[in-house]
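Peer 1: My structure is below; once you've seen it, I'll send some questions.
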Amino acid sequence: MQIAVERLAELARIVGPDRLALDPGELAVYESDAFTLVRARPDAVVYPADTAETAAVVAAAARLGLPIVPRGAGTSLAGGTIAVEGGLCVCLSRMRRILRLDVRNRLAHVEAGVVNLAVTRAVQDRGWHYAPDPSSQSVCTIGGNVATNSGGPHTLKYGVTAQHVLGATVVLADGAIVHLGGDYEDAPGADLLGLVVGSEGTLGLVTEVVVRLTRLPAAVRTLLVVFDSIDRATETIAAVIAAGILPAALELMDGVTVAAVEQWLRLGFPAGTGAVLLIELDGLEPGLDRQVERVCEICRSHRAEEIRTARTDAQRAELWTARKKSFGALGRYGLSYCTQDGVVPPSQVPAIMRHVADVGRRHGLRIANVIHAGDGNIHPVLMYDADDSAQVRAVVAAGYEILDRCVALGGTVTGEHGIGIEKVGHLERMLDAPSRAAQRAVRDAFDPQRRLNPRKVLPSGGACIEMLRPPPGIAS
Amino acid sequence: MIEPATIEEAAVVIAAGTAAGRPVQFRGAGTKSPDAPADAVSTVRLSRVLEHRPADLFVTVEAGHPLDALNERLRDDHLRVALDPPWYGGRATVGGILAAGDAGPLRLSCGSPRDQVLGMTLILPGGAIVRSGGRVMKNVAGYALHRAAVGSGGRFGLIAAVSLRLRPCPAALRVVRMTVADAAAADVRTAALLAGSTRPAFLEWVCPALDDRAGEEDPAGIELWIGYEGDADAVDWQCNALRGDFPDARILDAAEDQRVYRRLRDWGARASLRAALPSSNLGPVFSAGRDAGVRLLAHACTATLLVHADDPAAVEPVAQSVRDAGGTILAPRAPADAAPPGHDMLRRRLIDTLTTAAAT
């Protein structure tokens with residue numbers, strides 16, 4: 001949609017000309033996020049300073065009939081912030097005040113644009129942290145985390161965003177402000193808050209959030225375990241979980257990833273490594289080493305090649321290096337990559353990893369795997385040449401095959417990235433007709449005109465983005 | 001009472017009721033609302049375990065399954081559903097507990113009822129059987145109706161089946177008691193405990209004392225009951241660390257731990273008032289309650305307040321102190337406790353669209 005500039009004068013009056021971007025060069029930055037298969041440019045970007053300004057902007061957009069795309073740091077891996085219908089991008093990243101820290105009540109009240117890690121940095125000296133830790137935590141925003149119900153490596157033990165949000169201030173499609181939940185459990189509107197978390201900006205714009213703070217663990221043990229085959233590693237994961245051990249984190253990197261990391265950082269992984277597990281146990285000092293020993297026994301019984309342990313923060317950082325640099329290392333293959341996100345029950349991790357390998361072989365795609373293995377959240381990284389349209393089609397087809405199998409194994413099509421535009425078709429296939437109708441009913445209750453983040457989560461008029469449809473040969 | 005034997009049967013009954021313009025009421029074991037209309041839909045026969053997967057840490061049950069019996073069964077695998085609302089003789093059903101959002105002492109360490117639900121089968125007011133969420137810990141595939149339904153009292157439809165998160169059973173439980181003179185002292189100790197070296201599984205305030213210990217301690221004081229769960233060594237270490245900080249703390253005999261924990265859990269079964277408020281504002285509410293001569297218990301860090309009063313009139317000043325403290329009356333609600341208009345409007349629209357969704 002093309003918006004006549006004069007119609008935007010009202011927006012300029014609300015935020016001032018400095019915080020309204022219309023220049024095509026500036027708008028180009030906002031035509032995609034971390035999902036690069038689809039691009040679309042908004043007609044304008046506005047940067048409100050607080051909740052009241054956001055509400056005024058949304059109310060004006062309602063009068064003008066403009067679609068609104070909320071955006072935080074733009075780290076969505078599912079195209080959640082792409083302005084597929086143009087319109088107004090409301091960028092909340094300048095709303096980054098921490099409004100209140102209250103460790104007595106275990107909470108922080110922050111604006112939506114506050115960076116995830118900034119919350120932890122503000123309280124860690126006092127022994128607290130904000131537990132959800134997505135990989136992008138040094139840049140991604142709390143508002144974005146709420147939109148996608150973000151996870152991260154430590155959510156295996158500590159839970160995802162939904163478990164750490166007590167309240168939110170939400171600007172509805174007509175510009176009305178509602179406060180859902182609050183400073184304590186069972187505050188009014190906690191049920192509606194449960195819906196808003198993970199709704200990807202389609203039910204309202206979350207402008208402020210009250211998050212739960214969690215004590216930092218008193219003691220941490222980190223193990224890095226090398227296996228010669230991915231099957232042994234995935235079977236180890238299933239065995240650890242089945243043994244009733246709840247690690248703080250349980251991450252897997254496959255051989256492709258390890259080779260890339262090794263080539264770059266020389267961390268001493270043996271050639272032919274099939275997979276590496278990063279296992280973190282935390283809690284109180286007493287009893288922790290006994291848990292570590294149980295985990296080591298399980299690893300040895302699954303024929304681990306090598307177990308490295310960290311006892312100091314420095315050693316721990318060293319062991320995490322391989323995991324944290326893994327995506328950067330994959331960039332050395334010189335290709336574009338699409339990071340998939342699916343979930344299976346932990347016992348099905350071996351099966352899904354075998355399937356991913358098979359899909360890669362059949363489509364001629366190089367696939368690396370960096371996964372939150374403990375909770376069955378897989379992240380196959382599909383590498384491709386963006387200039388080769390056949391490869392792009394293969395990536396889309398492979399994504400369908402992998403996610404369909406996740407669902408067949410009892411899992412789901414996204415664990416932490418969201419539906420965005422990428423997975424509208426996948427969600428449609430996953431749900432039966434009444435459940436799809438219920439999803440539409442939720443959207444219609446909050447935003448019947450579907451102006452908020454249009455064509456995300458649910459298709460608009462029955463259509464999903466053409467190129468992301470299931471390719472021929474994938475049964476619907 | 002209508003007692004459908006299957007989820008499909010329940011859906012037919014609900015659809016018929018809605019079509020006839022009769023709002024359908026739901027009932028589990030009736031522990032919280034003993035009087036139900038004759039045409040209420042009961043989940044009592046919807047009590048099957050649909051899928052039990054210990055290695056994947058989830059169980060799927062129909063809503064009428066009693067929680068107690070479920071946890072009995074899970075104990076063989078050293079697993080549990082980490083929900084501990086009042087026991088009600090073991091009758092309270094999973095669906096009823098979730099619809100009421102009923103929680104207990106362990107909410108501090110294990111999270112809210114909403115956090116235990118991975119997915120749900122819901123029968124919408126129009127009769128459609130829909131699914132939300134799934135069986136895995138991480139899931140952002142669509143709007144989480146399963147989270148909205150928890151604590152909603154059935155307003156979005158009947159919770160027909162749920163997949164619940166399972167956790168390993170702790171190896172040990174120990175309980176410590178302290179008595180302090182007044183609410184201000186209780187608050188100081190609570191703040192110190194939250195910031196201290198231990199990680200309580202629960203932290204309860206009780207006034208007057210749980211047991212009559214005439215002459216032993218300050219009868220007008222507030223009791224703090226602190227529980228630790230987990231590895232036996234870690235639990236013992238925490239009890240001793242707590243006594244190091246507060247020499248007056250008494251570590252219970254091992255034989256007493258379970259009994260006291262159950263009393264704290266079950267205390268709310270006959271509560272005349274249930275409220276929620278910021279943890280740091282409990283002090284003035286306890287003072288008001290003591291003045292009014294009622295009995296009080298709070299899950300102090302997740303700030304659920306429970307009140308017992310023989311004289312209903314004695315409850316009102318406590319309710320008012322909750323409102324003054326920025327809290328919410330959960331039950332029974334007075335006109336002053338109406339939902340904010342914005343919430344009401346959203347809920348009404350949601351009920352409307354969900355009801356219509358069944359018809360399309």
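To be explicit about the labels: the chains of the structure tokens are called A, B, and onward in the order shown, and within each one the residues are counted from 1, while ligands get numbers from 1 in the order they are shown.
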Could you work out which residues of chain B fall inside 6 Å of chain A? Count only C-alpha atoms, and format the result as a list in words.
Peer 2: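 In the required form, that comes to Ala55, Asp56, Asp115, Val130, Arg131, Val136, Lys138, Asn139, Val140, Ala141, Tyr143, Ala144, Arg147, Ala148, Pro168, Ala191, Asp233, Ala234, Pro278, Ser279, Arg349, Leu350, Thr353, Leu354 and Ala357 of chain B.
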Peer 1: So which residues touch range 246-260 of chain B within 7 Å, counting only C-alpha atoms, skipping near sequence neighbours fewer than 2 positions away, as a tab-separated table (two decimals) with N, CA and C atoms, in the first residue's frame?
Peer 2:
```tsv
chain	number	residue	atom	x	y	z
B	173	LEU	N	12.12	-33.69	51.73
B	173	LEU	CA	11.39	-32.48	52.13
B	173	LEU	C	11.70	-32.23	53.59
B	174	ARG	N	12.09	-31.02	53.93
B	174	ARG	CA	12.25	-30.65	55.33
B	174	ARG	C	11.55	-29.31	55.54
B	175	VAL	N	11.04	-29.14	56.75
B	175	VAL	CA	10.29	-27.93	57.07
B	175	VAL	C	10.88	-27.27	58.31
B	176	VAL	N	10.94	-25.96	58.29
B	176	VAL	CA	11.49	-25.18	59.39
B	176	VAL	C	10.42	-24.18	59.85
B	177	ARG	N	10.36	-23.94	61.15
B	177	ARG	CA	9.39	-22.99	61.67
B	177	ARG	C	10.07	-21.87	62.43
B	178	MET	N	9.56	-20.66	62.25
B	178	MET	CA	10.02	-19.52	63.05
B	178	MET	C	8.76	-18.78	63.50
B	239	CYS	N	18.51	-26.17	55.68
B	239	CYS	CA	17.92	-26.06	57.02
B	239	CYS	C	18.95	-25.50	57.99
B	242	LEU	N	19.74	-21.85	57.34
B	242	LEU	CA	18.66	-20.98	57.83
B	242	LEU	C	18.78	-20.79	59.35
B	243	ARG	N	19.08	-21.89	60.05
B	243	ARG	CA	19.22	-21.77	61.49
B	243	ARG	C	20.45	-20.94	61.85
B	244	GLY	N	21.46	-20.99	60.98
B	244	GLY	CA	22.63	-20.12	61.21
B	244	GLY	C	22.24	-18.66	61.16
B	262	ARG	N	1.16	-30.92	54.56
B	262	ARG	CA	-0.22	-31.18	54.14
B	262	ARG	C	-1.19	-30.22	54.83
B	263	ARG	N	-0.90	-29.90	56.08
B	263	ARG	CA	-1.80	-28.95	56.76
B	263	ARG	C	-1.73	-27.57	56.12
B	264	LEU	N	-0.52	-27.17	55.74
B	264	LEU	CA	-0.37	-25.87	55.08
B	264	LEU	C	-1.08	-25.88	53.72
```
Peer 1: Could you please determine the separation between CA of Val206 in chain B and CA of Tyr88 in chain B in Å, to one decimal place?
Peer 2: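 Computing it gives 20.1 Å between the two atoms.
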Peer 1: Counting only C-alpha atoms, what is within 7 Å of Ala183 in chain B, bar same-chain residues fewer than 5 positions away, as a PDB file with C-alpha atoms, in the first residue's frame?
Peer 2:
```pdb
ATOM      1  CA  ILE B 222       3.109 -14.806  63.153  1.00  0.00           C
ATOM      2  CA  GLY B 283       2.079  -6.978  56.521  1.00  0.00           C
ATOM      3  CA  PHE B 286      -2.114  -9.530  58.446  1.00  0.00           C
ATOM      4  CA  SER B 287      -2.341  -6.729  61.010  1.00  0.00           C
TER       5      SER B 287
END
```
Peer 1: Using only C-alpha atoms, which of B:Ala20, B:Ala69, B:Cys169, B:Ala298 sits nearest Pro125 in chain B?
Peer 2: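 Using only C-alpha atoms, Pro125 in chain B sits closest to B:Ala20.
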Peer 1: Excluding Phe202 in chain B and residues on its chain fewer than 4 positions from it, collect all residues at most 12 Å away from it, counting only C-alpha atoms, and give them as a VMD selection string.
Peer 2: chain B and resid 84 103 to 111 173 to 177 190 193 to 194 198 224 to 229 261 264 to 265 298 to 303
Peer 1: Among range 85-266 of chain B, which residues does DSSP mark as alpha helix (DSSP H) when it is run on the backbone? Keep the chain and numbering as in the structure and answer as a ChimeraX atom specification.
Peer 2: /B:94-100,107-110,145-149,183-195,232-245,257-266
Peer 1: Those selected residues, please, written with N, CA and C atoms and delivered as a short mmCIF file (atom, residue, chain, number, x, y, z; two decimals), in the first residue's frame.
Peer 2:
```cif
data_model
loop_
_atom_site.label_atom_id
_atom_site.label_comp_id
_atom_site.auth_asym_id
_atom_site.auth_seq_id
_atom_site.Cartn_x
_atom_site.Cartn_y
_atom_site.Cartn_z
N VAL B 94 -8.36 -32.55 38.07
CA VAL B 94 -7.38 -31.75 37.33
C VAL B 94 -8.07 -30.57 36.64
N GLY B 95 -9.21 -30.86 35.99
CA GLY B 95 -9.91 -29.80 35.25
C GLY B 95 -10.45 -28.72 36.17
N GLY B 96 -11.02 -29.14 37.29
CA GLY B 96 -11.56 -28.17 38.23
C GLY B 96 -10.48 -27.31 38.84
N ILE B 97 -9.37 -27.93 39.19
CA ILE B 97 -8.25 -27.18 39.78
C ILE B 97 -7.75 -26.13 38.80
N LEU B 98 -7.62 -26.54 37.54
CA LEU B 98 -7.11 -25.59 36.54
C LEU B 98 -8.12 -24.49 36.24
N ALA B 99 -9.38 -24.85 36.12
CA ALA B 99 -10.41 -23.84 35.84
C ALA B 99 -10.45 -22.81 36.96
N ALA B 100 -10.25 -23.29 38.19
CA ALA B 100 -10.25 -22.37 39.34
C ALA B 100 -8.91 -21.68 39.52
N ARG B 107 3.82 -23.27 44.74
CA ARG B 107 3.83 -22.32 43.63
C ARG B 107 5.13 -21.52 43.60
N LEU B 108 5.72 -21.30 44.77
CA LEU B 108 6.96 -20.52 44.83
C LEU B 108 8.07 -21.20 44.02
N SER B 109 8.22 -22.50 44.19
CA SER B 109 9.33 -23.18 43.50
C SER B 109 8.92 -23.78 42.17
N CYS B 110 7.65 -24.11 42.01
CA CYS B 110 7.23 -24.85 40.81
C CYS B 110 6.40 -24.03 39.82
N LEU B 145 -4.81 -20.59 23.88
CA LEU B 145 -6.08 -20.69 24.59
C LEU B 145 -5.96 -21.53 25.86
N HIS B 146 -5.01 -22.46 25.84
CA HIS B 146 -4.83 -23.31 27.03
C HIS B 146 -4.32 -22.49 28.21
N ARG B 147 -3.62 -21.40 27.95
CA ARG B 147 -3.21 -20.55 29.09
C ARG B 147 -4.37 -19.66 29.53
N ALA B 148 -5.17 -19.19 28.58
CA ALA B 148 -6.31 -18.33 28.95
C ALA B 148 -7.34 -19.11 29.76
N ALA B 149 -7.49 -20.39 29.46
CA ALA B 149 -8.54 -21.18 30.12
C ALA B 149 -8.23 -21.44 31.59
N ALA B 183 3.80 -8.51 61.97
CA ALA B 183 3.90 -8.60 60.51
C ALA B 183 5.15 -7.90 59.97
N ALA B 184 5.57 -6.83 60.63
CA ALA B 184 6.77 -6.13 60.15
C ALA B 184 7.98 -7.04 60.25
N ALA B 185 8.07 -7.77 61.35
CA ALA B 185 9.20 -8.69 61.52
C ALA B 185 9.11 -9.84 60.51
N ALA B 186 7.88 -10.29 60.25
CA ALA B 186 7.70 -11.36 59.26
C ALA B 186 8.18 -10.90 57.88
N ASP B 187 7.90 -9.65 57.57
CA ASP B 187 8.30 -9.11 56.27
C ASP B 187 9.82 -9.02 56.16
N VAL B 188 10.45 -8.57 57.25
CA VAL B 188 11.92 -8.45 57.23
C VAL B 188 12.54 -9.82 56.99
N ARG B 189 12.01 -10.83 57.68
CA ARG B 189 12.59 -12.18 57.52
C ARG B 189 12.30 -12.75 56.14
N THR B 190 11.13 -12.47 55.61
CA THR B 190 10.79 -12.96 54.27
C THR B 190 11.74 -12.36 53.23
N ALA B 191 11.96 -11.06 53.35
CA ALA B 191 12.88 -10.39 52.42
C ALA B 191 14.28 -11.00 52.54
N ALA B 192 14.71 -11.26 53.78
CA ALA B 192 16.05 -11.83 53.98
C ALA B 192 16.13 -13.24 53.40
N LEU B 193 15.07 -14.01 53.55
CA LEU B 193 15.07 -15.38 53.02
C LEU B 193 15.12 -15.38 51.50
N LEU B 194 14.39 -14.45 50.89
CA LEU B 194 14.37 -14.41 49.42
C LEU B 194 15.74 -14.03 48.86
N ALA B 195 16.48 -13.25 49.63
CA ALA B 195 17.79 -12.80 49.14
C ALA B 195 18.92 -13.64 49.71
N ALA B 232 18.77 -34.62 49.25
CA ALA B 232 18.76 -34.67 50.72
C ALA B 232 19.88 -33.83 51.33
N ASP B 233 21.07 -33.90 50.75
CA ASP B 233 22.19 -33.11 51.29
C ASP B 233 21.90 -31.63 51.17
N ALA B 234 21.36 -31.23 50.02
CA ALA B 234 21.09 -29.81 49.79
C ALA B 234 20.00 -29.32 50.74
N VAL B 235 19.02 -30.18 50.99
CA VAL B 235 17.92 -29.81 51.89
C VAL B 235 18.45 -29.63 53.33
N ASP B 236 19.26 -30.59 53.78
CA ASP B 236 19.83 -30.47 55.13
C ASP B 236 20.71 -29.24 55.25
N TRP B 237 21.51 -29.02 54.24
CA TRP B 237 22.40 -27.85 54.25
C TRP B 237 21.58 -26.56 54.39
N GLN B 238 20.46 -26.50 53.69
CA GLN B 238 19.65 -25.28 53.73
C GLN B 238 18.99 -25.08 55.10
N CYS B 239 18.51 -26.17 55.68
CA CYS B 239 17.92 -26.06 57.02
C CYS B 239 18.95 -25.50 57.99
N ASN B 240 20.16 -26.03 57.92
CA ASN B 240 21.20 -25.57 58.84
C ASN B 240 21.62 -24.14 58.54
N ALA B 241 21.67 -23.80 57.26
CA ALA B 241 22.04 -22.42 56.89
C ALA B 241 20.99 -21.44 57.43
N LEU B 242 19.74 -21.85 57.34
CA LEU B 242 18.66 -20.98 57.83
C LEU B 242 18.78 -20.79 59.35
N ARG B 243 19.08 -21.89 60.05
CA ARG B 243 19.22 -21.77 61.49
C ARG B 243 20.45 -20.94 61.85
N GLY B 244 21.46 -20.99 60.98
CA GLY B 244 22.63 -20.12 61.21
C GLY B 244 22.24 -18.66 61.16
N ASP B 245 21.34 -18.31 60.23
CA ASP B 245 20.91 -16.91 60.11
C ASP B 245 19.90 -16.54 61.19
N ASP B 257 7.48 -33.53 58.86
CA ASP B 257 7.53 -32.69 57.65
C ASP B 257 6.29 -32.83 56.77
N GLN B 258 5.96 -34.09 56.44
CA GLN B 258 4.84 -34.31 55.53
C GLN B 258 3.53 -33.85 56.15
N ARG B 259 3.36 -34.13 57.45
CA ARG B 259 2.11 -33.76 58.11
C ARG B 259 1.91 -32.24 58.07
N VAL B 260 2.97 -31.50 58.39
CA VAL B 260 2.85 -30.05 58.43
C VAL B 260 2.63 -29.50 57.01
N TYR B 261 3.38 -30.03 56.06
CA TYR B 261 3.21 -29.57 54.68
C TYR B 261 1.75 -29.75 54.23
N ARG B 262 1.16 -30.92 54.56
CA ARG B 262 -0.22 -31.18 54.14
C ARG B 262 -1.19 -30.22 54.83
N ARG B 263 -0.90 -29.90 56.08
CA ARG B 263 -1.80 -28.95 56.76
C ARG B 263 -1.73 -27.57 56.12
N LEU B 264 -0.52 -27.17 55.74
CA LEU B 264 -0.37 -25.87 55.08
C LEU B 264 -1.08 -25.88 53.72
N ARG B 265 -0.96 -27.00 53.03
CA ARG B 265 -1.58 -27.14 51.72
C ARG B 265 -3.11 -27.12 51.82
N ASP B 266 -3.63 -27.82 52.83
CA ASP B 266 -5.08 -28.02 52.91
C ASP B 266 -5.81 -26.90 53.65
#
```
Peer 1: Of the residues B:Ile351, B:Leu273, B:Leu70, B:Val315, which is the one nearest to Ile329 in chain B, using only C-alpha atoms?
Peer 2: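 Among the listed residues, the smallest separation from Ile329 in chain B belongs to B:Leu273.
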Peer 1: Just want the 7 Å neighbourhood of Ala92 in chain B, counted on only C-alpha atoms, with same-chain residues fewer than 5 positions away dropped. Output as a JSON list (two decimals) with C-alpha atoms, in the first residue's frame.
Peer 2:
```
[["chain", "number", "residue", "atom", "x", "y", "z"],
["B", 29, "ALA", "CA", -15.89, -33.00, 41.92],
["B", 31, "THR", "CA", -15.16, -29.29, 45.94],
["B", 66, "PRO", "CA", -8.53, -36.47, 40.33],
["B", 67, "LEU", "CA", -5.10, -34.88, 40.77],
["B", 87, "TRP", "CA", -6.51, -31.87, 48.90],
["B", 97, "ILE", "CA", -8.25, -27.18, 39.78]]
```
Peer 1: Write out as a compact mmCIF listing (two decimals) with N, CA and C atoms, in the first residue's frame each polymer residue whose atoms come within 12 Å of Ala329 in chain A, counting only C-alpha atoms; drop sequence neighbours fewer than 3 positions from it.
Peer 2:
```
# COMPACT_ATOMS: atom_id res chain seq x y z
N MET A 253 25.44 -29.90 19.48
CA MET A 253 25.93 -29.42 18.18
C MET A 253 26.34 -30.65 17.38
N VAL A 256 28.68 -31.36 11.68
CA VAL A 256 28.89 -30.28 10.70
C VAL A 256 29.24 -28.99 11.43
N THR A 257 28.50 -28.72 12.50
CA THR A 257 28.72 -27.51 13.27
C THR A 257 30.08 -27.55 13.97
N VAL A 258 30.36 -28.69 14.57
CA VAL A 258 31.62 -28.82 15.31
C VAL A 258 32.81 -28.63 14.37
N ALA A 259 32.70 -29.19 13.17
CA ALA A 259 33.81 -29.05 12.21
C ALA A 259 34.03 -27.58 11.86
N ALA A 260 32.93 -26.84 11.69
CA ALA A 260 33.06 -25.41 11.35
C ALA A 260 33.67 -24.64 12.52
N VAL A 261 33.22 -24.96 13.72
CA VAL A 261 33.75 -24.29 14.90
C VAL A 261 35.24 -24.61 15.05
N GLU A 262 35.59 -25.87 14.85
CA GLU A 262 36.96 -26.32 15.03
C GLU A 262 37.90 -25.65 14.03
N GLN A 263 37.41 -25.53 12.81
CA GLN A 263 38.22 -24.91 11.76
C GLN A 263 38.55 -23.46 12.12
N TRP A 264 37.61 -22.82 12.78
CA TRP A 264 37.73 -21.40 13.12
C TRP A 264 38.49 -21.19 14.44
N LEU A 265 38.04 -21.91 15.47
CA LEU A 265 38.51 -21.58 16.82
C LEU A 265 39.54 -22.55 17.38
N ARG A 266 39.72 -23.69 16.74
CA ARG A 266 40.71 -24.69 17.20
C ARG A 266 40.53 -25.02 18.68
N THR A 321 31.89 -21.34 24.53
CA THR A 321 32.34 -20.65 23.32
C THR A 321 31.88 -21.37 22.06
N ALA A 322 32.09 -22.69 22.06
CA ALA A 322 31.75 -23.45 20.85
C ALA A 322 30.28 -23.28 20.52
N ARG A 323 29.41 -23.33 21.55
CA ARG A 323 27.97 -23.22 21.32
C ARG A 323 27.60 -21.82 20.85
N LYS A 324 28.15 -20.82 21.54
CA LYS A 324 27.74 -19.45 21.23
C LYS A 324 28.26 -18.96 19.89
N LYS A 325 29.42 -19.53 19.47
CA LYS A 325 30.00 -19.09 18.19
C LYS A 325 29.55 -19.99 17.05
N SER A 326 28.66 -20.93 17.33
CA SER A 326 28.38 -21.93 16.29
C SER A 326 27.74 -21.32 15.05
N ARG A 332 30.99 -19.32 7.89
CA ARG A 332 32.23 -19.52 7.12
C ARG A 332 32.02 -20.41 5.91
N TYR A 333 30.91 -21.14 5.87
CA TYR A 333 30.62 -21.92 4.66
C TYR A 333 30.22 -21.01 3.50
N GLY A 334 30.02 -19.71 3.80
CA GLY A 334 29.80 -18.75 2.74
C GLY A 334 28.45 -18.81 2.07
N LEU A 335 27.49 -19.39 2.71
CA LEU A 335 26.17 -19.51 2.12
C LEU A 335 25.16 -18.74 2.97
N TYR A 337 21.80 -18.90 5.22
CA TYR A 337 21.20 -20.01 5.93
C TYR A 337 19.85 -19.66 6.54
N ALA A 368 23.26 -28.14 9.13
CA ALA A 368 23.94 -28.25 10.42
C ALA A 368 22.86 -28.22 11.50
N VAL A 370 22.10 -27.24 15.57
CA VAL A 370 22.44 -26.70 16.88
C VAL A 370 21.12 -26.71 17.63
N VAL A 381 19.99 -25.95 10.67
CA VAL A 381 20.40 -24.76 9.91
C VAL A 381 20.58 -25.19 8.46
```
Peer 1: If you run DSSP on the backbone, which residues of range 148-245 of chain A are strand (DSSP E or B), as an MDAnalysis selection string?
Peer 2: chainID A and resid 165:171 177:181 205:212 214:215 219:227
Peer 1: Residues as selected, C-alpha atoms, written as a PDB file, in the first residue's frame, can you do that?
Peer 2:
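Result file follows (result08.pdb):
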```pdb
ATOM      1  CA  VAL A 165       5.781 -12.548  32.732  1.00  0.00           C
ATOM      2  CA  LEU A 166       3.483 -11.265  35.460  1.00  0.00           C
ATOM      3  CA  GLY A 167       1.923  -8.338  33.680  1.00  0.00           C
ATOM      4  CA  ALA A 168       1.861  -6.336  30.472  1.00  0.00           C
ATOM      5  CA  THR A 169       0.575  -3.007  29.275  1.00  0.00           C
ATOM      6  CA  VAL A 170      -1.027  -3.560  25.898  1.00  0.00           C
ATOM      7  CA  VAL A 171      -2.183  -1.066  23.279  1.00  0.00           C
ATOM      8  CA  ILE A 177      -4.582   0.841  26.704  1.00  0.00           C
ATOM      9  CA  VAL A 178      -5.200  -2.220  28.910  1.00  0.00           C
ATOM     10  CA  HIS A 179      -3.143  -3.543  31.806  1.00  0.00           C
ATOM     11  CA  LEU A 180      -3.186  -7.319  31.938  1.00  0.00           C
ATOM     12  CA  GLY A 181      -1.869  -9.111  35.017  1.00  0.00           C
ATOM     13  CA  LEU A 205       1.237  -3.876  21.031  1.00  0.00           C
ATOM     14  CA  VAL A 206       2.955  -4.765  24.284  1.00  0.00           C
ATOM     15  CA  THR A 207       4.559  -1.544  25.505  1.00  0.00           C
ATOM     16  CA  GLU A 208       5.502  -2.398  29.102  1.00  0.00           C
ATOM     17  CA  VAL A 209       6.131  -5.701  30.827  1.00  0.00           C
ATOM     18  CA  VAL A 210       6.401  -6.806  34.442  1.00  0.00           C
ATOM     19  CA  VAL A 211       8.849  -9.723  34.443  1.00  0.00           C
ATOM     20  CA  ARG A 212       9.608 -12.213  37.186  1.00  0.00           C
ATOM     21  CA  THR A 214      14.885 -15.357  39.518  1.00  0.00           C
ATOM     22  CA  ARG A 215      17.818 -15.943  41.867  1.00  0.00           C
ATOM     23  CA  ALA A 219      26.674 -23.185  41.892  1.00  0.00           C
ATOM     24  CA  VAL A 220      27.070 -24.278  38.285  1.00  0.00           C
ATOM     25  CA  ARG A 221      28.797 -27.240  36.639  1.00  0.00           C
ATOM     26  CA  THR A 222      29.299 -27.327  32.900  1.00  0.00           C
ATOM     27  CA  LEU A 223      30.248 -30.433  30.948  1.00  0.00           C
ATOM     28  CA  LEU A 224      31.192 -30.736  27.327  1.00  0.00           C
ATOM     29  CA  VAL A 225      30.855 -34.263  26.045  1.00  0.00           C
ATOM     30  CA  VAL A 226      32.187 -35.499  22.707  1.00  0.00           C
ATOM     31  CA  PHE A 227      30.559 -38.394  20.839  1.00  0.00           C
TER      32      PHE A 227
END
```
Peer 1: Restricting the calculation to only C-alpha atoms, which member of B:Asp77, B:Glu51, B:Glu62, B:Asp102 is positioned closest to Arg274 in chain B?
Peer 2: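 Under the stated criterion, the closest residue is B:Asp102.
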Peer 1: Give me, as a ChimeraX atom specification, all polymer residues having an atom no more than 9 Å from His308 in chain B, counting only C-alpha atoms and skipping those fewer than 4 positions away in the same chain.
Peer 2: /B:267-268,270-273,294-297,315
Peer 1: Restrict the selected residues to N, CA and C atoms and save them as a compact mmCIF listing (two decimals), in the first residue's frame.
Peer 2:
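Listed below is the output, result.txt:
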```txt
# COMPACT_ATOMS: atom_id res chain seq x y z
N TRP B 267 -5.04 -25.98 54.22
CA TRP B 267 -5.60 -24.93 55.07
C TRP B 267 -6.67 -24.13 54.31
N GLY B 268 -6.45 -23.95 53.01
CA GLY B 268 -7.35 -23.09 52.24
C GLY B 268 -8.66 -23.73 51.83
N ARG B 270 -11.36 -24.57 53.28
CA ARG B 270 -12.61 -23.97 53.75
C ARG B 270 -12.47 -22.46 53.93
N ALA B 271 -11.62 -21.84 53.12
CA ALA B 271 -11.34 -20.41 53.31
C ALA B 271 -12.60 -19.57 53.05
N SER B 272 -12.81 -18.57 53.89
CA SER B 272 -13.93 -17.65 53.67
C SER B 272 -13.54 -16.55 52.69
N LEU B 273 -12.25 -16.38 52.51
CA LEU B 273 -11.79 -15.34 51.57
C LEU B 273 -10.48 -15.83 50.94
N VAL B 294 -9.67 -12.87 62.74
CA VAL B 294 -9.81 -13.99 61.80
C VAL B 294 -8.51 -14.79 61.77
N ARG B 295 -8.57 -15.96 61.16
CA ARG B 295 -7.37 -16.78 61.00
C ARG B 295 -6.83 -16.56 59.59
N LEU B 296 -5.50 -16.45 59.49
CA LEU B 296 -4.89 -16.11 58.21
C LEU B 296 -3.77 -17.08 57.84
N LEU B 297 -3.68 -17.36 56.54
CA LEU B 297 -2.51 -18.07 56.01
C LEU B 297 -2.18 -17.44 54.66
N VAL B 315 -14.74 -10.72 57.90
CA VAL B 315 -13.92 -10.82 56.70
C VAL B 315 -13.79 -9.48 55.98
```
Peer 1: Pick the closest to Ala275 in chain B from B:Pro332, B:Pro170, B:Gly30, B:Pro86: which is it, counting only C-alpha atoms?
Peer 2: B:Pro332
Peer 1: What does the distance from CA of Val395 in chain A to CA of Pro350 in chain A come to in Å, to one decimal?
Peer 2: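 So the answer is 21.8 Å.
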